[in-house]
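Below is entry.tsv, holding TSV, C-alpha atoms.
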chain	number	residue	atom	x	y	z
A	255	MET	CA	0.00	0.00	0.00
A	256	LYS	CA	2.82	2.42	0.77
A	257	SER	CA	4.23	1.99	-2.74
A	258	GLN	CA	0.97	3.01	-4.40
A	259	ASN	CA	-0.19	6.52	-5.16
A	260	TYR	CA	-3.78	7.63	-4.98
A	261	PRO	CA	-3.94	10.66	-7.26
A	262	TRP	CA	-7.72	10.87	-7.01
A	263	ILE	CA	-7.41	11.86	-3.37
A	264	ASP	CA	-5.47	14.94	-4.43
A	265	ARG	CA	-7.73	15.58	-7.41
A	266	VAL	CA	-10.78	15.52	-5.18
A	267	LYS	CA	-9.00	17.81	-2.72
A	268	TYR	CA	-8.54	20.23	-5.59
A	269	LEU	CA	-12.18	19.98	-6.61
A	270	VAL	CA	-13.57	20.38	-3.10
A	271	SER	CA	-11.38	23.44	-2.53
A	272	PHE	CA	-13.83	25.20	-4.86
A	273	LEU	CA	-16.66	24.00	-2.63
A	274	VAL	CA	-15.00	25.88	0.22
A	275	LEU	CA	-15.23	29.01	-1.93
A	276	ILE	CA	-18.95	28.31	-2.45
A	277	ILE	CA	-19.41	28.36	1.33
A	278	HIS	CA	-17.57	31.65	1.65
A	279	PHE	CA	-18.78	33.51	-1.44
A	280	ARG	CA	-22.32	32.10	-1.88
A	281	PRO	CA	-22.37	32.40	-5.70
A	282	LEU	CA	-26.10	31.72	-6.01
A	283	SER	CA	-27.28	34.04	-3.24
A	284	ASP	CA	-28.56	36.62	-5.77
A	285	TYR	CA	-30.65	34.08	-7.64
A	286	ASN	CA	-32.44	31.39	-5.67
A	287	PRO	CA	-32.37	31.07	-1.85
A	288	ILE	CA	-33.11	27.35	-1.83
A	289	VAL	CA	-30.44	26.48	-4.39
A	290	ASP	CA	-28.04	28.87	-2.67
A	291	PHE	CA	-28.61	27.24	0.71
A	292	SER	CA	-28.35	23.74	-0.74
A	293	SER	CA	-25.08	24.47	-2.50
A	294	ALA	CA	-23.36	26.28	0.38
A	295	GLN	CA	-24.74	24.51	3.44
A	296	ILE	CA	-25.20	20.96	2.14
A	297	ILE	CA	-23.31	20.12	-1.06
A	298	ALA	CA	-20.16	22.05	-0.15
A	299	ARG	CA	-19.94	20.76	3.42
A	300	ILE	CA	-18.04	17.60	2.44
A	301	ALA	CA	-14.93	19.64	1.64
A	302	VAL	CA	-13.31	20.03	5.06
A	303	PRO	CA	-14.14	16.49	6.27
A	304	PHE	CA	-12.41	15.20	3.14
A	305	PHE	CA	-9.28	17.18	4.02
A	306	PHE	CA	-9.36	15.73	7.53
A	307	ILE	CA	-9.93	12.12	6.48
A	308	SER	CA	-7.07	12.40	3.97
A	309	ALA	CA	-4.73	13.66	6.68
A	310	GLY	CA	-5.67	10.77	8.95
A	311	TYR	CA	-5.16	8.23	6.20
A	312	PHE	CA	-1.71	9.43	5.22
A	313	ILE	CA	-0.51	9.77	8.80
A	314	GLY	CA	-1.28	6.05	8.93
A	315	VAL	CA	0.57	5.43	5.67
A	316	ASN	CA	3.64	7.25	6.95
A	317	GLY	CA	3.43	5.52	10.31
A	318	LEU	CA	1.89	7.04	13.42
A	319	GLU	CA	5.24	7.35	15.13
A	320	LYS	CA	6.45	10.25	17.26
A	321	ASN	CA	8.88	11.61	14.66
A	322	VAL	CA	6.25	11.44	11.90
A	323	VAL	CA	3.65	13.24	14.02
A	324	ILE	CA	6.14	15.89	15.11
A	325	LYS	CA	7.17	16.47	11.50
A	326	SER	CA	3.55	16.87	10.44
A	327	ILE	CA	2.79	19.22	13.33
A	328	LYS	CA	5.86	21.35	12.57
A	329	LYS	CA	4.90	21.61	8.92
A	330	ASN	CA	1.31	22.60	9.71
A	331	PHE	CA	2.35	24.98	12.46
A	332	LYS	CA	4.73	26.82	10.14
A	333	LEU	CA	1.95	27.00	7.56
A	334	TYR	CA	-0.37	28.37	10.22
A	335	VAL	CA	2.10	31.04	11.31
A	336	VAL	CA	2.70	32.20	7.73
A	337	TRP	CA	-0.98	32.47	6.82
A	338	THR	CA	-1.80	34.03	10.18
A	339	ILE	CA	0.71	36.80	9.48
A	340	ILE	CA	-0.69	37.25	5.96
A	341	TYR	CA	-4.28	37.53	7.18
A	342	LEU	CA	-3.57	39.56	10.31
A	343	PRO	CA	-4.16	43.01	8.72
A	344	ILE	CA	-7.63	42.13	7.39
A	345	SER	CA	-8.35	40.08	10.50
A	346	ILE	CA	-7.92	43.19	12.62
A	347	ILE	CA	-10.46	45.00	10.43
A	348	ILE	CA	-12.99	42.25	9.70
A	349	PHE	CA	-12.55	39.21	11.96
A	350	MET	CA	-11.32	40.37	15.34
A	351	PRO	CA	-14.16	42.87	15.96
A	352	GLN	CA	-16.50	39.85	15.85
A	353	TYR	CA	-14.13	37.53	17.73
A	354	PRO	CA	-11.93	39.67	20.02
A	355	ASN	CA	-10.50	36.83	22.14
A	356	ILE	CA	-6.97	36.63	20.70
A	357	LEU	CA	-6.04	33.45	22.61
A	358	LEU	CA	-9.17	31.69	21.37
A	359	ASN	CA	-8.47	32.87	17.83
A	360	LEU	CA	-4.92	31.55	17.83
A	361	THR	CA	-5.77	28.17	19.36
A	362	VAL	CA	-9.26	27.33	18.09
A	363	LEU	CA	-10.90	29.75	15.66
A	364	GLY	CA	-7.89	30.89	13.66
A	365	VAL	CA	-7.31	34.58	12.99
A	366	TYR	CA	-9.55	34.41	9.93
A	367	PHE	CA	-12.66	32.44	9.04
A	368	HIS	CA	-10.99	29.44	7.38
A	369	LEU	CA	-7.74	29.18	9.34
A	370	TRP	CA	-9.38	27.15	12.14
A	371	PHE	CA	-8.59	24.05	10.08
A	372	ILE	CA	-4.91	23.92	11.08
A	373	PRO	CA	-5.36	24.17	14.89
A	374	ALA	CA	-8.10	21.53	14.56
A	375	LEU	CA	-5.82	19.27	12.52
A	376	ILE	CA	-2.88	19.65	14.90
A	377	PHE	CA	-5.12	18.89	17.89
A	378	SER	CA	-6.55	15.83	16.09
A	379	LEU	CA	-3.11	14.47	15.19
A	380	ILE	CA	-1.79	14.89	18.72
A	381	THR	CA	-4.88	13.27	20.22
A	382	LEU	CA	-4.79	10.41	17.71
A	383	TYR	CA	-1.12	9.77	18.46
A	384	TYR	CA	-1.61	9.46	22.22
A	385	LEU	CA	-4.81	7.45	21.95
A	386	SER	CA	-3.11	5.05	19.53
A	387	LYS	CA	-0.72	4.08	22.33
A	388	LEU	CA	-3.67	2.81	24.36
A	389	LEU	CA	-6.45	1.89	21.96
A	390	LYS	CA	-7.10	0.25	18.61
A	391	PRO	CA	-8.01	2.42	15.60
A	392	PHE	CA	-11.67	1.35	15.67
A	393	THR	CA	-12.01	2.22	19.36
A	394	ILE	CA	-10.41	5.63	18.77
A	395	THR	CA	-12.85	6.28	15.92
A	396	LEU	CA	-15.77	5.24	18.13
A	397	ILE	CA	-14.66	7.63	20.89
A	398	ALA	CA	-14.23	10.41	18.33
A	399	PHE	CA	-17.74	9.68	17.05
A	400	LEU	CA	-19.15	10.10	20.57
A	401	PHE	CA	-17.51	13.53	20.74
A	402	PHE	CA	-19.01	14.28	17.33
A	403	VAL	CA	-22.44	13.35	18.70
A	404	LEU	CA	-21.95	15.87	21.50
A	405	GLY	CA	-20.68	18.43	19.01
A	406	VAL	CA	-23.70	18.34	16.70
A	407	PHE	CA	-25.82	19.78	19.51
A	408	GLY	CA	-23.67	22.88	19.41
A	409	ASP	CA	-24.07	23.03	15.65
A	410	SER	CA	-26.84	21.82	13.34
A	411	TYR	CA	-28.79	19.97	16.07
A	412	HIS	CA	-28.75	22.83	18.56
A	413	GLY	CA	-32.44	23.55	17.94
A	414	VAL	CA	-33.38	19.98	18.91
A	415	LEU	CA	-32.58	20.83	22.55
A	416	GLN	CA	-35.53	22.68	24.02
A	417	SER	CA	-34.36	23.10	27.61
A	418	GLY	CA	-32.49	21.39	30.41
A	419	TRP	CA	-29.01	21.00	31.82
A	420	PHE	CA	-27.51	19.68	28.59
A	421	LEU	CA	-28.67	22.69	26.59
A	422	ASP	CA	-27.39	24.98	29.35
A	423	GLY	CA	-24.03	23.26	29.22
A	424	ILE	CA	-23.85	23.52	25.42
A	425	ASN	CA	-24.75	27.21	25.53
A	426	GLN	CA	-22.11	27.89	28.18
A	427	TYR	CA	-19.55	26.11	26.02
A	428	LEU	CA	-20.59	28.12	22.94
A	429	GLU	CA	-20.43	31.35	24.92
A	430	ILE	CA	-16.76	30.63	25.65
A	431	PHE	CA	-15.58	28.78	22.53
A	432	THR	CA	-18.09	30.09	19.95
A	433	THR	CA	-18.38	26.81	18.01
A	434	THR	CA	-18.05	23.03	18.27
A	435	ARG	CA	-16.53	22.98	14.79
A	436	ASN	CA	-13.04	22.29	16.10
A	437	GLY	CA	-10.52	19.52	16.56
A	438	LEU	CA	-12.24	17.77	19.46
A	439	PHE	CA	-15.81	17.59	18.22
A	440	PHE	CA	-15.26	17.62	14.47
A	441	GLY	CA	-11.75	17.10	13.14
A	442	LEU	CA	-10.84	14.18	15.39
A	443	LEU	CA	-13.58	11.96	13.99
A	444	PHE	CA	-12.53	12.31	10.37
A	445	VAL	CA	-8.81	12.12	11.10
A	446	SER	CA	-9.44	8.97	13.17
A	447	LEU	CA	-11.66	7.54	10.45
A	448	GLY	CA	-8.94	8.08	7.86
A	449	TYR	CA	-6.42	6.40	10.15
A	450	TYR	CA	-8.83	3.49	10.75
A	451	ILE	CA	-9.36	3.06	7.00
A	452	GLN	CA	-5.61	2.84	6.46
A	453	LYS	CA	-5.05	0.37	9.29
A	454	SER	CA	-7.97	-1.91	8.45
A	455	ASP	CA	-9.09	-3.65	5.29
A	456	ILE	CA	-12.60	-2.22	5.46
A	457	THR	CA	-12.47	-0.48	2.08
A	458	SER	CA	-11.19	-3.62	0.36
A	459	LYS	CA	-14.51	-5.27	1.25
A	460	ILE	CA	-16.44	-2.59	-0.64
A	461	ASN	CA	-16.43	-2.82	-4.42
A	462	ILE	CA	-16.45	0.29	-6.56
A	463	THR	CA	-20.14	0.02	-7.46
A	464	SER	CA	-21.16	-0.26	-3.82
A	465	ALA	CA	-18.92	2.69	-2.96
A	466	TRP	CA	-20.59	4.87	-5.58
A	467	ILE	CA	-24.06	3.81	-4.47
A	468	GLY	CA	-23.15	4.46	-0.84
A	469	PHE	CA	-21.77	7.88	-1.74
A	470	ILE	CA	-24.84	8.94	-3.72
A	471	ILE	CA	-27.31	7.71	-1.10
A	472	SER	CA	-25.34	9.33	1.72
A	473	TYR	CA	-25.14	12.61	-0.18
A	474	LEU	CA	-28.89	12.55	-0.71
A	475	LEU	CA	-29.38	11.83	2.98
A	476	MET	CA	-27.55	15.08	3.74
A	477	PHE	CA	-30.41	16.89	1.99
A	478	VAL	CA	-32.99	14.87	3.90
A	479	GLU	CA	-31.25	15.44	7.23
A	480	MET	CA	-30.89	19.18	6.75
A	481	GLY	CA	-34.43	19.42	5.39
A	482	LEU	CA	-35.78	17.86	8.57
A	483	LEU	CA	-33.61	20.05	10.76
A	484	MET	CA	-34.70	23.21	8.94
A	485	THR	CA	-38.34	22.16	9.10
A	486	TYR	CA	-38.54	21.28	12.78
A	487	THR	CA	-35.65	23.17	14.41
A	488	ILE	CA	-33.37	26.17	14.06
A	489	PRO	CA	-29.75	25.04	13.50
A	490	PHE	CA	-27.02	27.05	15.20
A	491	GLU	CA	-24.52	26.37	12.40
A	492	TYR	CA	-24.31	24.15	9.32
A	493	ASN	CA	-21.10	22.18	9.68
A	494	MET	CA	-21.92	18.89	11.38
A	495	TYR	CA	-24.44	16.40	10.00
A	496	PHE	CA	-24.53	12.68	10.75
A	497	SER	CA	-24.92	11.86	7.06
A	498	ILE	CA	-21.71	13.71	6.24
A	499	ILE	CA	-19.79	10.84	7.87
A	500	PRO	CA	-20.79	8.08	5.39
A	501	THR	CA	-20.69	10.60	2.52
A	502	THR	CA	-17.05	11.41	3.26
A	503	PHE	CA	-16.21	7.76	3.93
A	504	PHE	CA	-17.62	6.53	0.61
A	505	LEU	CA	-16.07	9.42	-1.35
A	506	PHE	CA	-12.68	8.60	0.12
A	507	THR	CA	-13.23	4.89	-0.57
A	508	ILE	CA	-13.94	5.71	-4.22
A	509	CYS	CA	-10.62	7.56	-4.43
A	510	LEU	CA	-8.80	4.55	-3.02
A	511	LYS	CA	-10.27	2.36	-5.75
A	512	TYR	CA	-8.15	4.11	-8.40
A	513	PRO	CA	-4.49	3.68	-7.40
A	514	SER	CA	-1.80	4.41	-9.95
A	515	ASN	CA	1.81	5.42	-10.35
A	516	ASP	CA	0.86	9.02	-11.14
A	517	LYS	CA	2.35	11.72	-8.96
A	518	SER	CA	-0.13	14.37	-7.89
A	519	ILE	CA	1.86	16.55	-5.51
A	520	ASP	CA	1.35	19.67	-7.66
A	521	ILE	CA	-2.43	19.44	-7.62
A	522	ARG	CA	-2.33	18.69	-3.88
A	523	ASN	CA	-0.27	21.81	-3.28
A	524	LYS	CA	-2.55	23.87	-5.50
A	525	ALA	CA	-5.55	22.74	-3.45
A	526	THR	CA	-3.75	23.85	-0.29
A	527	ILE	CA	-2.91	27.26	-1.73
A	528	ILE	CA	-6.44	27.81	-3.03
A	529	TYR	CA	-7.88	26.94	0.38
A	530	PHE	CA	-5.63	29.30	2.30
A	531	SER	CA	-5.24	32.14	-0.20
A	532	HIS	CA	-8.70	32.69	-1.63
A	533	PHE	CA	-9.81	35.42	0.77
A	534	ILE	CA	-6.66	37.52	0.57
A	535	VAL	CA	-6.33	37.09	-3.19
A	536	TYR	CA	-9.96	38.10	-3.66
A	537	PHE	CA	-9.50	41.24	-1.56
A	538	ILE	CA	-6.48	42.24	-3.63
A	539	VAL	CA	-8.35	41.71	-6.92
A	540	TYR	CA	-11.38	43.47	-5.44
A	541	GLY	CA	-9.19	46.49	-4.70
A	542	ILE	CA	-7.72	46.49	-8.22
A	543	ILE	CA	-11.19	46.25	-9.79
A	544	THR	CA	-12.39	49.15	-7.64
A	545	LEU	CA	-9.37	51.31	-8.54
A	546	LEU	CA	-9.96	50.60	-12.24
A	547	LYS	CA	-13.62	51.58	-11.79
A	548	LEU	CA	-14.81	48.19	-13.04
A	549	ASP	CA	-17.24	47.83	-10.16
A	550	PHE	CA	-19.90	46.28	-12.39
A	551	LEU	CA	-17.85	43.05	-12.22
A	552	LEU	CA	-18.69	42.85	-8.53
A	553	TYR	CA	-22.44	43.37	-8.77
A	554	SER	CA	-23.33	39.69	-9.14
A	555	SER	CA	-22.71	37.05	-6.47
A	556	LEU	CA	-21.85	34.59	-9.26
A	557	SER	CA	-19.29	36.95	-10.78
A	558	ARG	CA	-17.72	37.55	-7.36
A	559	TYR	CA	-17.40	33.81	-6.93
A	560	PHE	CA	-15.73	33.34	-10.32
A	561	ILE	CA	-13.39	36.24	-9.61
A	562	ALA	CA	-12.37	34.46	-6.40
A	563	VAL	CA	-11.96	31.12	-8.20
A	564	ILE	CA	-9.99	32.44	-11.17
A	565	SER	CA	-7.71	34.65	-9.10
A	566	SER	CA	-7.06	31.84	-6.58
A	567	VAL	CA	-6.26	29.35	-9.34
A	568	LEU	CA	-3.91	31.78	-11.05
A	569	PHE	CA	-2.21	32.56	-7.76
A	570	ALA	CA	-1.86	28.84	-6.93
A	571	ASN	CA	-0.34	28.13	-10.34
A	572	PHE	CA	2.06	31.05	-9.91
A	573	VAL	CA	3.19	29.87	-6.46
A	574	ILE	CA	3.81	26.33	-7.70
A	575	LYS	CA	5.91	27.63	-10.60
A	576	GLN	CA	7.93	29.78	-8.22
A	577	LYS	CA	8.37	26.86	-5.85
A	578	LYS	CA	9.77	24.76	-8.69
A	579	ARG	CA	12.22	27.56	-9.36
A	580	ASN	CA	13.34	27.17	-5.74
A	581	LYS	CA	11.95	30.51	-4.63
A	582	LYS	CA	12.07	30.23	-0.87
A	583	TRP	CA	9.04	32.44	-0.23
A	584	ALA	CA	6.83	30.12	-2.29
A	585	SER	CA	7.73	27.10	-0.14
A	586	TYR	CA	6.40	28.92	2.92
A	587	LEU	CA	2.89	29.03	1.47
A	588	VAL	CA	2.35	25.30	1.01
Target encoding structure tokens, full file:
Amino acid sequence: MKSQNYPWIDRVKYLVSFLVLIIHFRPLSDYNPIVDFSSAQIIARIAVPFFFISAGYFIGVNGLEKNVVIKSIKKNFKLYVVWTIIYLPISIIIFMPQYPNILLNLTVLGVYFHLWFIPALIFSLITLYYLSKLLKPFTITLIAFLFFVLGVFGDSYHGVLQSGWFLDGINQYLEIFTTTRNGLFFGLLFVSLGYYIQKSDITSKINITSAWIGFIISYLLMFVEMGLLMTYTIPFEYNMYFSIIPTTFFLFTICLKYPSNDKSIDIRNKATIIYFSHFIVYFIVYGIITLLKLDFLLYSSLSRYFIAVISSVLFANFVIKQKKRNKKWASYLV
């Protein structure tokens, strides 16, 4: 297994990076509220779980040893520091007035809306490493699932709780930490699931047809689940659905069904750059468009989305080219 490459994992990472931009830019918000909600709060929500499950899988491939975990943490921490510095100016203007707790921002929320992913990943990797010394991969995944169950009540299932000590406890937690979309309640499950997939032969028992059927049914169940929640409750956020677990699992299983000798490091790095850069790149392009008095390009939510996509892709391609030319600054971004 270690000798095989799975380029479709990186290709899907690249594709779902554009789903992240759908969440943040809401391209259909000017046109149809139902389609807009479905695209941003249901369809696009598989993106981050896929990043997490991939990280868990490959930490298993590389060996969940102390030196491997430390190396991964160092790499992600450096990435976090670089992008934190890059986003700090606009964070002070846009993000921090909403979330003024600097310690919470640095350790849980990130200093901008999407940077929470790295603290959550680092926490998940550290937790997985220590739990692996005591427990089997399946048991770790089960424990992580129980935390996920708790976490959904601070997210999409918050409205299910009408009153009582549990709701009071959840609200007190949210008052302090703002969200349960973090490493403990969210990231750990998918990182553990990826690790479990790598350490077990569970996906080998699922043929490609069954994987596709499971993926499609699970994806459809996300619509059903959110439809019921929206009908009978008021969700607090739209990150954590139970059906997103099998959806991510089957999508990742599909990717594993197409191993090859192809190298896909470039597309993997491009996905990373698009994820982290899209806000800052958009703001720069936004400023240029405004200075050139081409404001009509910004009138449509769909055009704003495509501006973000095109500029992020061009920037990612530029960074990769500079990295291949051994430009040191480019290596800091990925």
Between atom CA of Ile300 of chain A and atom CA of Leu404 of chain A, what is the spacing in Å?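 The value is 19.5 Å.
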Gap from atom CA of Thr507 of chain A to atom CA of Thr457 of chain A - Å, one decimal: 6.0 Å
Spatial neighbours of segment 344-361 of chain A, max dist 10 Å, only C-alpha atoms, sep filter under 4 positions, as a PyMOL selection string: chain A and resi 334-335+338-340+365-367+369-370+372-374+377+430-432+436+533-534+537
Applying 10 Å and all atoms listed in the file, which residues near Leu318 of chain A remain after dropping the ones on its own chain fewer than 5 positions away? List them as a PyMOL selection string. chain A and resi 310+312-313+323-324+379+382-384+386-387+449
Residue nearest Lys328 of chain A - candidates A:Leu375, A:Met494, A:Thr434, A:Pro303, atoms counted: only C-alpha atoms: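 The closest residue to Lys328 of chain A is A:Leu375.
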Atom CA of Gly437 of chain A to atom CA of Ile508 of chain A, distance in Å rounded to a single decimal: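 Interatomic distance, atom CA of Gly437 of chain A to atom CA of Ile508 of chain A: 25.2 Å.
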Around all listed atoms of segment 296-312 of chain A, padded 5 Å per side, what centre and edge lengths does the axis-aligned box have in Å to one decimal, as lines of an AutoDock Vina configuration file?
center_x = -13.5
center_y = 15.1
center_z = 3.9
size_x = 33.5
size_y = 23.8
size_z = 20.0
Skipping near chain neighbours, those fewer than 5 positions away, what residues fall within 12 Å of Gln576 of chain A using all atoms listed in the file, listed as a PyMOL selection string? chain A and resi 569-571+581-588
Give me the residues near Tyr553 of chain A as a ChimeraX atom specification, where near means some atom within 12 Å (using all atoms listed in the file) and where sequence neighbours in that chain fewer than 5 positions away do not count. /A:281,283-284,540,543-544,548,558-559,561
